[in-house]
>>> print(open('target-v2.cif').read())   # mmCIF, C-alpha atoms and all ligand atoms; chains and numbers go by the auth columns
data_final
loop_
_atom_site.group_PDB
_atom_site.id
_atom_site.type_symbol
_atom_site.label_atom_id
_atom_site.label_comp_id
_atom_site.label_asym_id
_atom_site.label_seq_id
_atom_site.Cartn_x
_atom_site.Cartn_y
_atom_site.Cartn_z
_atom_site.B_iso_or_equiv
_atom_site.auth_seq_id
_atom_site.auth_asym_id
ATOM 1 C CA LEU A 1 0.000 0.000 0.000 0.00 1 A
ATOM 2 C CA PRO A 2 1.228 3.536 -0.669 0.00 2 A
ATOM 3 C CA HIS A 3 2.083 5.386 2.510 0.00 3 A
ATOM 4 C CA ALA A 4 -0.914 7.692 2.197 0.00 4 A
ATOM 5 C CA ALA A 5 -3.281 4.748 2.017 0.00 5 A
ATOM 6 C CA VAL A 6 -1.709 3.188 5.095 0.00 6 A
ATOM 7 C CA GLY A 7 -2.197 6.463 6.910 0.00 7 A
ATOM 8 C CA LEU A 8 -5.829 6.602 5.914 0.00 8 A
ATOM 9 C CA LEU A 9 -6.464 3.080 7.088 0.00 9 A
ATOM 10 C CA ALA A 10 -4.688 3.740 10.359 0.00 10 A
ATOM 11 C CA GLY A 11 -6.811 6.826 10.887 0.00 11 A
ATOM 12 C CA LEU A 12 -9.947 4.942 10.123 0.00 12 A
ATOM 13 C CA ALA A 13 -9.006 2.208 12.566 0.00 13 A
ATOM 14 C CA VAL A 14 -8.744 4.840 15.273 0.00 14 A
ATOM 15 C CA ILE A 15 -12.157 6.339 14.659 0.00 15 A
ATOM 16 C CA ALA A 16 -13.884 3.053 13.984 0.00 16 A
ATOM 17 C CA PHE A 17 -12.434 0.739 16.570 0.00 17 A
ATOM 18 C CA GLU A 18 -10.683 2.708 19.290 0.00 18 A
ATOM 19 C CA PRO A 19 -12.319 1.011 22.267 0.00 19 A
ATOM 20 C CA LEU A 20 -11.701 3.054 25.425 0.00 20 A
ATOM 21 C CA ALA A 21 -9.947 6.280 24.742 0.00 21 A
ATOM 22 C CA CYS A 22 -9.004 9.214 26.860 0.00 22 A
ATOM 23 C CA ALA A 23 -11.165 8.617 29.889 0.00 23 A
ATOM 24 C CA ALA A 24 -8.880 5.965 31.355 0.00 24 A
ATOM 25 C CA GLY A 25 -5.556 7.305 30.082 0.00 25 A
ATOM 26 C CA THR A 26 -3.512 5.616 27.407 0.00 26 A
ATOM 27 C CA ALA A 27 -5.557 2.589 26.428 0.00 27 A
ATOM 28 C CA GLY A 28 -4.070 0.647 23.564 0.00 28 A
ATOM 29 C CA GLY A 29 -0.849 2.685 23.478 0.00 29 A
ATOM 30 C CA SER A 30 -2.573 5.701 21.965 0.00 30 A
ATOM 31 C CA PRO A 31 -1.917 8.855 24.002 0.00 31 A
ATOM 32 C CA ALA A 32 -4.777 10.541 25.776 0.00 32 A
ATOM 33 C CA TRP A 33 -6.272 13.559 24.073 0.00 33 A
ATOM 34 C CA SER A 34 -9.264 15.691 24.834 0.00 34 A
ATOM 35 C CA TYR A 35 -11.080 18.885 23.878 0.00 35 A
ATOM 36 C CA GLY A 36 -9.496 21.144 26.481 0.00 36 A
ATOM 37 C CA GLY A 37 -6.443 21.740 28.646 0.00 37 A
ATOM 38 C CA PRO A 38 -2.944 20.331 28.192 0.00 38 A
ATOM 39 C CA ASP A 39 -4.089 17.528 25.861 0.00 39 A
ATOM 40 C CA GLY A 40 -6.658 19.704 24.044 0.00 40 A
ATOM 41 C CA PRO A 41 -6.784 20.571 20.319 0.00 41 A
ATOM 42 C CA ALA A 42 -4.017 23.204 20.502 0.00 42 A
ATOM 43 C CA HIS A 43 -1.623 20.462 21.679 0.00 43 A
ATOM 44 C CA TRP A 44 -2.768 17.403 19.723 0.00 44 A
ATOM 45 C CA GLY A 45 0.182 17.642 17.349 0.00 45 A
ATOM 46 C CA GLU A 46 2.672 17.468 20.244 0.00 46 A
ATOM 47 C CA LEU A 47 1.132 14.510 22.060 0.00 47 A
ATOM 48 C CA ASP A 48 2.518 11.822 19.768 0.00 48 A
ATOM 49 C CA PRO A 49 4.615 11.763 16.575 0.00 49 A
ATOM 50 C CA ALA A 50 1.682 9.989 14.924 0.00 50 A
ATOM 51 C CA PHE A 51 -0.446 13.092 15.611 0.00 51 A
ATOM 52 C CA ALA A 52 1.977 15.572 13.971 0.00 52 A
ATOM 53 C CA THR A 53 -0.418 16.282 11.090 0.00 53 A
ATOM 54 C CA CYS A 54 -2.833 17.867 13.595 0.00 54 A
ATOM 55 C CA ALA A 55 -0.304 20.721 13.889 0.00 55 A
ATOM 56 C CA THR A 56 1.493 20.711 10.530 0.00 56 A
ATOM 57 C CA GLY A 57 -1.325 19.749 8.143 0.00 57 A
ATOM 58 C CA ARG A 58 -2.478 22.350 5.638 0.00 58 A
ATOM 59 C CA MET A 59 -5.782 20.618 4.805 0.00 59 A
ATOM 60 C CA GLN A 60 -7.356 20.265 8.226 0.00 60 A
ATOM 61 C CA SER A 61 -10.987 20.043 9.327 0.00 61 A
ATOM 62 C CA PRO A 62 -13.405 21.427 10.361 0.00 62 A
ATOM 63 C CA ILE A 63 -13.657 24.804 8.625 0.00 63 A
ATOM 64 C CA ASP A 64 -16.025 27.764 8.486 0.00 64 A
ATOM 65 C CA LEU A 65 -18.395 27.334 5.555 0.00 65 A
ATOM 66 C CA ALA A 66 -18.755 31.084 4.985 0.00 66 A
ATOM 67 C CA ALA A 67 -15.284 30.949 3.412 0.00 67 A
ATOM 68 C CA ALA A 68 -16.691 29.210 0.321 0.00 68 A
ATOM 69 C CA ASN A 69 -14.812 30.343 -2.800 0.00 69 A
ATOM 70 C CA ALA A 70 -16.774 28.500 -5.511 0.00 70 A
ATOM 71 C CA GLU A 71 -20.346 27.541 -6.250 0.00 71 A
ATOM 72 C CA GLY A 72 -21.670 24.358 -7.769 0.00 72 A
ATOM 73 C CA THR A 73 -24.366 21.732 -7.554 0.00 73 A
ATOM 74 C CA ILE A 74 -22.969 18.478 -6.220 0.00 74 A
ATOM 75 C CA VAL A 75 -25.188 15.432 -6.199 0.00 75 A
ATOM 76 C CA VAL A 76 -24.559 12.957 -3.397 0.00 76 A
ATOM 77 C CA SER A 77 -26.534 9.804 -3.959 0.00 77 A
ATOM 78 C CA VAL A 78 -27.202 8.197 -0.577 0.00 78 A
ATOM 79 C CA HIS A 79 -28.606 4.683 -0.266 0.00 79 A
ATOM 80 C CA TYR A 80 -28.865 3.798 3.402 0.00 80 A
ATOM 81 C CA ARG A 81 -30.740 0.823 4.840 0.00 81 A
ATOM 82 C CA ARG A 82 -32.174 -0.030 8.245 0.00 82 A
ATOM 83 C CA VAL A 83 -29.839 -2.033 10.477 0.00 83 A
ATOM 84 C CA PRO A 84 -30.017 -3.151 14.108 0.00 84 A
ATOM 85 C CA LEU A 85 -28.504 -0.566 16.442 0.00 85 A
ATOM 86 C CA THR A 86 -24.895 -1.283 17.431 0.00 86 A
ATOM 87 C CA ILE A 87 -23.584 1.573 19.553 0.00 87 A
ATOM 88 C CA LEU A 88 -20.552 2.455 21.658 0.00 88 A
ATOM 89 C CA ASN A 89 -19.009 5.349 23.565 0.00 89 A
ATOM 90 C CA ASN A 90 -15.270 5.653 22.764 0.00 90 A
ATOM 91 C CA GLY A 91 -14.613 8.386 25.313 0.00 91 A
ATOM 92 C CA HIS A 92 -14.690 11.108 22.641 0.00 92 A
ATOM 93 C CA THR A 93 -18.053 10.505 21.007 0.00 93 A
ATOM 94 C CA VAL A 94 -20.950 8.102 20.722 0.00 94 A
ATOM 95 C CA GLN A 95 -21.000 6.208 17.460 0.00 95 A
ATOM 96 C CA PHE A 96 -23.122 3.579 15.811 0.00 96 A
ATOM 97 C CA ASP A 97 -21.924 0.871 13.470 0.00 97 A
ATOM 98 C CA GLY A 98 -22.710 1.376 9.786 0.00 98 A
ATOM 99 C CA SER A 99 -21.864 -2.079 8.488 0.00 99 A
ATOM 100 C CA GLY A 100 -24.671 -3.381 6.328 0.00 100 A
ATOM 101 C CA ALA A 101 -26.355 0.034 6.298 0.00 101 A
ATOM 102 C CA GLY A 102 -25.485 0.889 2.682 0.00 102 A
ATOM 103 C CA GLY A 103 -23.550 3.980 1.718 0.00 103 A
ATOM 104 C CA LEU A 104 -23.270 6.659 -0.931 0.00 104 A
ATOM 105 C CA VAL A 105 -22.005 7.161 -4.460 0.00 105 A
ATOM 106 C CA SER A 106 -19.578 10.017 -5.079 0.00 106 A
ATOM 107 C CA ARG A 107 -18.310 10.736 -8.608 0.00 107 A
ATOM 108 C CA GLY A 108 -19.118 7.200 -9.674 0.00 108 A
ATOM 109 C CA THR A 109 -17.341 5.571 -6.726 0.00 109 A
ATOM 110 C CA ASP A 110 -19.164 3.508 -4.101 0.00 110 A
ATOM 111 C CA PHE A 111 -18.492 4.325 -0.458 0.00 111 A
ATOM 112 C CA ASP A 112 -19.787 2.060 2.318 0.00 112 A
ATOM 113 C CA LEU A 113 -20.929 3.531 5.601 0.00 113 A
ATOM 114 C CA VAL A 114 -18.478 2.458 8.321 0.00 114 A
ATOM 115 C CA GLN A 115 -19.857 4.344 11.318 0.00 115 A
ATOM 116 C CA ALA A 116 -21.674 7.493 12.271 0.00 116 A
ATOM 117 C CA HIS A 117 -21.000 9.604 15.349 0.00 117 A
ATOM 118 C CA PHE A 118 -21.988 12.898 16.904 0.00 118 A
ATOM 119 C CA HIS A 119 -20.511 16.231 17.950 0.00 119 A
ATOM 120 C CA THR A 120 -21.914 18.845 20.361 0.00 120 A
ATOM 121 C CA PRO A 121 -21.839 21.544 19.188 0.00 121 A
ATOM 122 C CA ALA A 122 -21.556 20.923 15.432 0.00 122 A
ATOM 123 C CA GLU A 123 -17.944 21.139 14.267 0.00 123 A
ATOM 124 C CA TYR A 124 -18.664 23.281 11.196 0.00 124 A
ATOM 125 C CA SER A 125 -19.477 26.907 11.641 0.00 125 A
ATOM 126 C CA ILE A 126 -21.173 29.318 9.293 0.00 126 A
ATOM 127 C CA ALA A 127 -19.769 32.826 9.781 0.00 127 A
ATOM 128 C CA GLY A 128 -18.745 31.790 13.262 0.00 128 A
ATOM 129 C CA ILE A 129 -22.075 30.261 14.286 0.00 129 A
ATOM 130 C CA ARG A 130 -22.214 26.581 15.211 0.00 130 A
ATOM 131 C CA ARG A 131 -25.417 24.558 15.231 0.00 131 A
ATOM 132 C CA PRO A 132 -25.943 22.619 18.475 0.00 132 A
ATOM 133 C CA LEU A 133 -25.487 19.050 17.182 0.00 133 A
ATOM 134 C CA ASP A 134 -24.157 17.267 14.126 0.00 134 A
ATOM 135 C CA ALA A 135 -23.713 13.712 12.866 0.00 135 A
ATOM 136 C CA HIS A 136 -20.679 12.583 10.867 0.00 136 A
ATOM 137 C CA PHE A 137 -21.282 9.635 8.537 0.00 137 A
ATOM 138 C CA VAL A 138 -17.877 8.086 7.817 0.00 138 A
ATOM 139 C CA HIS A 139 -17.637 6.120 4.552 0.00 139 A
ATOM 140 C CA ARG A 140 -14.857 4.125 2.956 0.00 140 A
ATOM 141 C CA SER A 141 -14.382 3.030 -0.642 0.00 141 A
ATOM 142 C CA ALA A 142 -12.820 -0.235 -1.792 0.00 142 A
ATOM 143 C CA ASP A 143 -9.435 1.532 -2.186 0.00 143 A
ATOM 144 C CA GLY A 144 -9.561 2.923 1.365 0.00 144 A
ATOM 145 C CA SER A 145 -10.537 6.513 0.511 0.00 145 A
ATOM 146 C CA LEU A 146 -12.698 8.247 3.092 0.00 146 A
ATOM 147 C CA THR A 147 -15.767 10.395 2.534 0.00 147 A
ATOM 148 C CA VAL A 148 -17.607 11.981 5.453 0.00 148 A
ATOM 149 C CA LEU A 149 -21.161 13.281 5.092 0.00 149 A
ATOM 150 C CA VAL A 150 -22.248 15.792 7.755 0.00 150 A
ATOM 151 C CA ALA A 151 -25.825 16.369 8.864 0.00 151 A
ATOM 152 C CA SER A 152 -26.576 19.032 11.449 0.00 152 A
ATOM 153 C CA PHE A 153 -29.474 19.666 13.793 0.00 153 A
ATOM 154 C CA VAL A 154 -31.244 22.722 15.119 0.00 154 A
ATOM 155 C CA GLU A 155 -33.873 22.821 17.834 0.00 155 A
ATOM 156 C CA GLY A 156 -37.394 21.920 16.716 0.00 156 A
ATOM 157 C CA PRO A 157 -39.568 18.826 16.422 0.00 157 A
ATOM 158 C CA PRO A 158 -37.905 15.610 17.666 0.00 158 A
ATOM 159 C CA ASN A 159 -35.999 13.402 15.236 0.00 159 A
ATOM 160 C CA PRO A 160 -37.402 9.830 15.182 0.00 160 A
ATOM 161 C CA VAL A 161 -34.021 8.126 14.674 0.00 161 A
ATOM 162 C CA LEU A 162 -32.463 10.037 17.547 0.00 162 A
ATOM 163 C CA ALA A 163 -35.540 9.118 19.594 0.00 163 A
ATOM 164 C CA ALA A 164 -34.956 5.418 18.857 0.00 164 A
ATOM 165 C CA MET A 165 -31.309 5.682 19.896 0.00 165 A
ATOM 166 C CA MET A 166 -31.809 7.836 22.997 0.00 166 A
ATOM 167 C CA PRO A 167 -32.512 5.079 25.558 0.00 167 A
ATOM 168 C CA TYR A 168 -29.343 3.247 24.476 0.00 168 A
ATOM 169 C CA LEU A 169 -26.816 6.094 24.481 0.00 169 A
ATOM 170 C CA PRO A 170 -23.863 4.877 26.575 0.00 170 A
ATOM 171 C CA ASP A 171 -23.079 7.536 29.183 0.00 171 A
ATOM 172 C CA VAL A 172 -19.560 6.247 29.792 0.00 172 A
ATOM 173 C CA PRO A 173 -16.898 4.644 27.592 0.00 173 A
ATOM 174 C CA SER A 174 -18.124 1.201 26.641 0.00 174 A
ATOM 175 C CA ASP A 175 -17.626 -1.608 24.171 0.00 175 A
ATOM 176 C CA ALA A 176 -20.056 -1.859 21.276 0.00 176 A
ATOM 177 C CA LYS A 177 -23.436 -3.287 22.191 0.00 177 A
ATOM 178 C CA THR A 178 -26.017 -4.512 19.689 0.00 178 A
ATOM 179 C CA TYR A 179 -29.772 -4.161 20.169 0.00 179 A
ATOM 180 C CA PRO A 180 -31.325 -6.556 17.633 0.00 180 A
ATOM 181 C CA ASP A 181 -34.845 -5.169 18.108 0.00 181 A
ATOM 182 C CA ILE A 182 -33.893 -1.512 17.623 0.00 182 A
ATOM 183 C CA MET A 183 -33.729 -0.810 13.903 0.00 183 A
ATOM 184 C CA VAL A 184 -32.190 2.466 12.755 0.00 184 A
ATOM 185 C CA ASP A 185 -32.215 3.933 9.244 0.00 185 A
ATOM 186 C CA PRO A 186 -29.359 6.447 8.934 0.00 186 A
ATOM 187 C CA SER A 187 -31.251 8.340 6.230 0.00 187 A
ATOM 188 C CA GLY A 188 -33.704 9.400 8.933 0.00 188 A
ATOM 189 C CA LEU A 189 -30.954 11.694 10.231 0.00 189 A
ATOM 190 C CA LEU A 190 -30.652 13.542 6.895 0.00 190 A
ATOM 191 C CA PRO A 191 -32.627 16.555 5.652 0.00 191 A
ATOM 192 C CA ALA A 192 -34.741 16.255 2.500 0.00 192 A
ATOM 193 C CA ASP A 193 -32.558 18.913 0.869 0.00 193 A
ATOM 194 C CA ARG A 194 -29.333 17.115 -0.023 0.00 194 A
ATOM 195 C CA ALA A 195 -27.425 20.188 -1.264 0.00 195 A
ATOM 196 C CA VAL A 196 -23.878 20.037 0.093 0.00 196 A
ATOM 197 C CA TYR A 197 -20.719 22.004 0.581 0.00 197 A
ATOM 198 C CA ARG A 198 -17.675 20.074 -0.600 0.00 198 A
ATOM 199 C CA TYR A 199 -13.954 20.300 0.130 0.00 199 A
ATOM 200 C CA MET A 200 -10.931 18.133 0.924 0.00 200 A
ATOM 201 C CA GLY A 201 -9.933 17.994 4.580 0.00 201 A
ATOM 202 C CA SER A 202 -8.934 15.698 7.402 0.00 202 A
ATOM 203 C CA LEU A 203 -10.171 13.635 10.278 0.00 203 A
ATOM 204 C CA THR A 204 -11.210 16.103 12.993 0.00 204 A
ATOM 205 C CA THR A 205 -9.674 13.931 15.725 0.00 205 A
ATOM 206 C CA PRO A 206 -6.091 12.683 16.156 0.00 206 A
ATOM 207 C CA PRO A 207 -4.239 11.600 14.061 0.00 207 A
ATOM 208 C CA CYS A 208 -5.938 14.278 11.861 0.00 208 A
ATOM 209 C CA THR A 209 -5.193 12.257 8.715 0.00 209 A
ATOM 210 C CA GLU A 210 -5.744 14.260 5.495 0.00 210 A
ATOM 211 C CA SER A 211 -7.175 13.370 2.069 0.00 211 A
ATOM 212 C CA VAL A 212 -10.685 13.039 3.491 0.00 212 A
ATOM 213 C CA ASN A 213 -13.475 14.139 1.151 0.00 213 A
ATOM 214 C CA TRP A 214 -16.111 16.151 3.069 0.00 214 A
ATOM 215 C CA TYR A 215 -19.722 16.748 2.126 0.00 215 A
ATOM 216 C CA VAL A 216 -21.534 19.070 4.516 0.00 216 A
ATOM 217 C CA LEU A 217 -25.294 19.248 4.108 0.00 217 A
ATOM 218 C CA ARG A 218 -26.408 22.864 3.910 0.00 218 A
ATOM 219 C CA THR A 219 -29.838 22.404 5.449 0.00 219 A
ATOM 220 C CA ALA A 220 -30.207 21.367 9.063 0.00 220 A
ATOM 221 C CA THR A 221 -32.847 18.977 10.265 0.00 221 A
ATOM 222 C CA THR A 222 -34.422 19.265 13.684 0.00 222 A
ATOM 223 C CA ALA A 223 -33.984 17.606 17.034 0.00 223 A
ATOM 224 C CA SER A 224 -35.945 18.423 20.153 0.00 224 A
ATOM 225 C CA LYS A 225 -34.491 20.515 22.951 0.00 225 A
ATOM 226 C CA GLU A 226 -34.456 17.355 25.108 0.00 226 A
ATOM 227 C CA GLN A 227 -32.641 15.327 22.420 0.00 227 A
ATOM 228 C CA ILE A 228 -29.962 17.977 21.951 0.00 228 A
ATOM 229 C CA ALA A 229 -29.542 18.289 25.717 0.00 229 A
ATOM 230 C CA ARG A 230 -29.189 14.526 26.118 0.00 230 A
ATOM 231 C CA PHE A 231 -26.483 14.261 23.451 0.00 231 A
ATOM 232 C CA ALA A 232 -24.672 17.272 24.911 0.00 232 A
ATOM 233 C CA ALA A 233 -24.784 15.700 28.376 0.00 233 A
ATOM 234 C CA VAL A 234 -23.297 12.430 27.126 0.00 234 A
ATOM 235 C CA LEU A 235 -20.712 13.884 24.734 0.00 235 A
ATOM 236 C CA GLY A 236 -19.671 17.063 26.469 0.00 236 A
ATOM 237 C CA MET A 237 -18.002 19.669 24.253 0.00 237 A
ATOM 238 C CA ASN A 238 -16.390 17.580 21.496 0.00 238 A
ATOM 239 C CA ALA A 239 -15.948 19.995 18.596 0.00 239 A
ATOM 240 C CA ARG A 240 -12.477 20.819 17.304 0.00 240 A
ATOM 241 C CA PRO A 241 -11.917 24.539 16.580 0.00 241 A
ATOM 242 C CA VAL A 242 -12.246 25.522 12.908 0.00 242 A
ATOM 243 C CA GLN A 243 -9.048 25.332 10.874 0.00 243 A
ATOM 244 C CA PRO A 244 -7.623 27.675 8.194 0.00 244 A
ATOM 245 C CA LEU A 245 -8.793 27.009 4.643 0.00 245 A
ATOM 246 C CA ASN A 246 -5.269 27.674 3.285 0.00 246 A
ATOM 247 C CA GLY A 247 -6.495 28.346 -0.238 0.00 247 A
ATOM 248 C CA ARG A 248 -8.390 25.090 -0.644 0.00 248 A
ATOM 249 C CA LEU A 249 -11.352 24.871 -2.976 0.00 249 A
ATOM 250 C CA LEU A 250 -14.605 25.059 -0.968 0.00 250 A
ATOM 251 C CA VAL A 251 -17.648 24.594 -3.163 0.00 251 A
ATOM 252 C CA ALA A 252 -20.974 25.915 -1.855 0.00 252 A
ATOM 253 C CA PRO A 253 -24.377 24.893 -3.206 0.00 253 A
ATOM 254 C CA PRO A 254 -26.166 27.593 -5.246 0.00 254 A
ATOM 255 C CA GLU A 255 -28.191 30.070 -3.192 0.00 255 A
ATOM 256 C CA GLY A 256 -31.758 29.022 -2.582 0.00 256 A
ATOM 257 C CA GLY A 257 -31.794 26.037 -4.916 0.00 257 A
ATOM 258 C CA SER A 258 -31.654 22.452 -3.839 0.00 258 A
HETATM 259 ZN ZN ZN B . -16.658 13.603 13.625 0.00 1 B
#
>>> encode(input="target-v2.cif", output="structure tokens")
Amino acid sequence: LPHAAVGLLAGLAVIAFEPLACAAGTAGGSPAWSYGGPDGPAHWGELDPAFATCATGRMQSPIDLAAANAEGTIVVSVHYRRVPLTILNNGHTVQFDGSGAGGLVSRGTDFDLVQAHFHTPAEYSIAGIRRPLDAHFVHRSADGSLTVLVASFVEGPPNPVLAAMMPYLPDVPSDAKTYPDIMVDPSGLLPADRAVYRYMGSLTTPPCTESVNWYVLRTATTASKEQIARFAAVLGMNARPVQPLNGRLLVAPPEGGS
């Protein structure tokens, strides 16, 4: 494998399978990191040589979407399916398993959903404003490329998929647990309007691996005040600060259209 592909796979292994992360220290030989203090985002790059890209990378995520420098209609064809809920808390986020749940097609390439996880508040900002909650759908193609689709939430009517997951959110770091009777359809977390921003970035957690294709849905869907509060209580603040665009292409969907 080319070095870049190895790096991508290593990064994916961290987000997909890291069992018990920072809460208990250095599980699995990976250094502790967090969202504040001496092992917070400003220091991620110094915590381990494997995390150097967090400090030196020029294509980091997340970013502020108001910096868009191009406009275009990008069609993301999503084909998700219902799967039994398999969920874990890795000490940084709560994520559910995407295996068997379908995926998306980007520029003619199939990407399978690997996992989806949540951030409070949303990692992307729009002119400095962050929505209260977002979901990152992490996909991988046959050649190991990563594409992340982002859906965000604002306060309003409850979301049925979040409602189904709510009783099973692990409050503390935990191994994956499957609930065969709880079926979740990831598409229920997406807005009807599938217009996206698109740019090339990185994982937003150490090791901050680059060459990740990001699609950020423009339109938020809603979650109830109670749902947002519950996710915030479980996750705590787990949004990395926005990173410089450094001249990258950031394509915004056309105004108003969908
Ligand atoms: Zn994420």
>>> closest_atom_pairs(input="target-v2.cif", of="chain A", to="ligand ZN 1 (chain B)", cutoff="10 Å", atoms="all atoms listed in the file", output="JSON lines")
{"residue": "A:Ile15", "atom": "CA", "partner": "B:ZN1", "partner_atom": "ZN", "distance": 8.6}
{"residue": "A:Ser61", "atom": "CA", "partner": "B:ZN1", "partner_atom": "ZN", "distance": 9.6}
{"residue": "A:Pro62", "atom": "CA", "partner": "B:ZN1", "partner_atom": "ZN", "distance": 9.1}
{"residue": "A:His92", "atom": "CA", "partner": "B:ZN1", "partner_atom": "ZN", "distance": 9.6}
{"residue": "A:Thr93", "atom": "CA", "partner": "B:ZN1", "partner_atom": "ZN", "distance": 8.1}
{"residue": "A:Val94", "atom": "CA", "partner": "B:ZN1", "partner_atom": "ZN", "distance": 10.0}
{"residue": "A:Gln95", "atom": "CA", "partner": "B:ZN1", "partner_atom": "ZN", "distance": 9.4}
{"residue": "A:Ala116", "atom": "CA", "partner": "B:ZN1", "partner_atom": "ZN", "distance": 8.0}
{"residue": "A:His117", "atom": "CA", "partner": "B:ZN1", "partner_atom": "ZN", "distance": 6.1}
{"residue": "A:Phe118", "atom": "CA", "partner": "B:ZN1", "partner_atom": "ZN", "distance": 6.3}
{"residue": "A:His119", "atom": "CA", "partner": "B:ZN1", "partner_atom": "ZN", "distance": 6.4}
{"residue": "A:Ala122", "atom": "CA", "partner": "B:ZN1", "partner_atom": "ZN", "distance": 9.0}
{"residue": "A:Glu123", "atom": "CA", "partner": "B:ZN1", "partner_atom": "ZN", "distance": 7.7}
{"residue": "A:Asp134", "atom": "CA", "partner": "B:ZN1", "partner_atom": "ZN", "distance": 8.4}
{"residue": "A:Ala135", "atom": "CA", "partner": "B:ZN1", "partner_atom": "ZN", "distance": 7.1}
{"residue": "A:His136", "atom": "CA", "partner": "B:ZN1", "partner_atom": "ZN", "distance": 5.0}
{"residue": "A:Phe137", "atom": "CA", "partner": "B:ZN1", "partner_atom": "ZN", "distance": 7.9}
{"residue": "A:Val138", "atom": "CA", "partner": "B:ZN1", "partner_atom": "ZN", "distance": 8.1}
{"residue": "A:Val148", "atom": "CA", "partner": "B:ZN1", "partner_atom": "ZN", "distance": 8.4}
{"residue": "A:Leu149", "atom": "CA", "partner": "B:ZN1", "partner_atom": "ZN", "distance": 9.7}
{"residue": "A:Val150", "atom": "CA", "partner": "B:ZN1", "partner_atom": "ZN", "distance": 8.4}
{"residue": "A:Leu203", "atom": "CA", "partner": "B:ZN1", "partner_atom": "ZN", "distance": 7.3}
{"residue": "A:Thr204", "atom": "CA", "partner": "B:ZN1", "partner_atom": "ZN", "distance": 6.0}
{"residue": "A:Thr205", "atom": "CA", "partner": "B:ZN1", "partner_atom": "ZN", "distance": 7.3}
{"residue": "A:Asn238", "atom": "CA", "partner": "B:ZN1", "partner_atom": "ZN", "distance": 8.8}
{"residue": "A:Ala239", "atom": "CA", "partner": "B:ZN1", "partner_atom": "ZN", "distance": 8.1}
{"residue": "A:Arg240", "atom": "CA", "partner": "B:ZN1", "partner_atom": "ZN", "distance": 9.1}
>>> closest_atom_pairs(input="target-v2.cif", of="stretch 141-222 of chain A", to="stretch 70-76 of chain A", cutoff="12 Å", atoms="all atoms listed in the file", output="CSV")
residue,atom,partner,partner_atom,distance
A:Thr147,CA,A:Val76,CA,10.9
A:Val148,CA,A:Val76,CA,11.3
A:Leu149,CA,A:Val76,CA,9.1
A:Val150,CA,A:Val76,CA,11.7
A:Leu190,CA,A:Val76,CA,12.0
A:Asp193,CA,A:Val75,CA,10.8
A:Arg194,CA,A:Val76,CA,7.2
A:Ala195,CA,A:Ile74,CA,6.9
A:Val196,CA,A:Ile74,CA,6.6
A:Tyr197,CA,A:Ile74,CA,8.0
A:Arg198,CA,A:Ile74,CA,7.9
A:Tyr199,CA,A:Ala70,CA,10.3
A:Trp214,CA,A:Val76,CA,11.1
A:Tyr215,CA,A:Val76,CA,8.3
A:Val216,CA,A:Val76,CA,10.4
A:Leu217,CA,A:Val76,CA,9.8
A:Arg218,CA,A:Ile74,CA,11.6
>>> resolve_selection(input="target-v2.cif", expression="the PyMOL selection byres (((chain A and resi 36-52) around 8) and not hetatm)", output="JSON list (two decimals) with C-alpha atoms, keeping the file's coordinate frame")
[["chain", "number", "residue", "atom", "x", "y", "z"],
["A", 31, "PRO", "CA", -1.92, 8.86, 24.00],
["A", 32, "ALA", "CA", -4.78, 10.54, 25.78],
["A", 33, "TRP", "CA", -6.27, 13.56, 24.07],
["A", 34, "SER", "CA", -9.26, 15.69, 24.83],
["A", 35, "TYR", "CA", -11.08, 18.89, 23.88],
["A", 53, "THR", "CA", -0.42, 16.28, 11.09],
["A", 54, "CYS", "CA", -2.83, 17.87, 13.60],
["A", 55, "ALA", "CA", -0.30, 20.72, 13.89],
["A", 56, "THR", "CA", 1.49, 20.71, 10.53],
["A", 57, "GLY", "CA", -1.32, 19.75, 8.14],
["A", 206, "PRO", "CA", -6.09, 12.68, 16.16],
["A", 207, "PRO", "CA", -4.24, 11.60, 14.06],
["A", 208, "CYS", "CA", -5.94, 14.28, 11.86],
["A", 240, "ARG", "CA", -12.48, 20.82, 17.30],
["A", 241, "PRO", "CA", -11.92, 24.54, 16.58]]
>>> closest_residue(input="target-v2.cif", among="A:Ser145, A:Pro158, A:Gly98, A:Pro167", to="A:Ser211", atoms="only C-alpha atoms")
A:Ser145
>>> residues_around(input="target-v2.cif", residues="A:Asn246", least_positions_apart="5", cutoff="10 Å", atoms="all atoms listed in the file", output="PyMOL selection string")
chain A and resi 58-60
>>> residues_near_point(input="target-v2.cif", point="(-30.6, 19.9, 23.8)", cutoff="12 Å", atoms="only C-alpha atoms", output="list in words")
Thr120, Pro121, Arg131, Pro132, Leu133, Asp134, Phe153, Val154, Glu155, Gly156, Pro157, Pro158, Leu162, Thr222, Ala223, Ser224, Lys225, Glu226, Gln227, Ile228, Ala229, Arg230, Phe231, Ala232, Ala233, Val234, Leu235 and Gly236 of chain A
>>> closest_residue(input="target-v2.cif", among="A:Pro186, A:Pro160, A:Pro173, A:Pro180", to="A:Ala101", atoms="all atoms listed in the file")
A:Pro186
>>> atom_distance(input="target-v2.cif", atom1="atom CA of A:Arg248", atom2="atom CA of A:Asp110")
24.4 Å
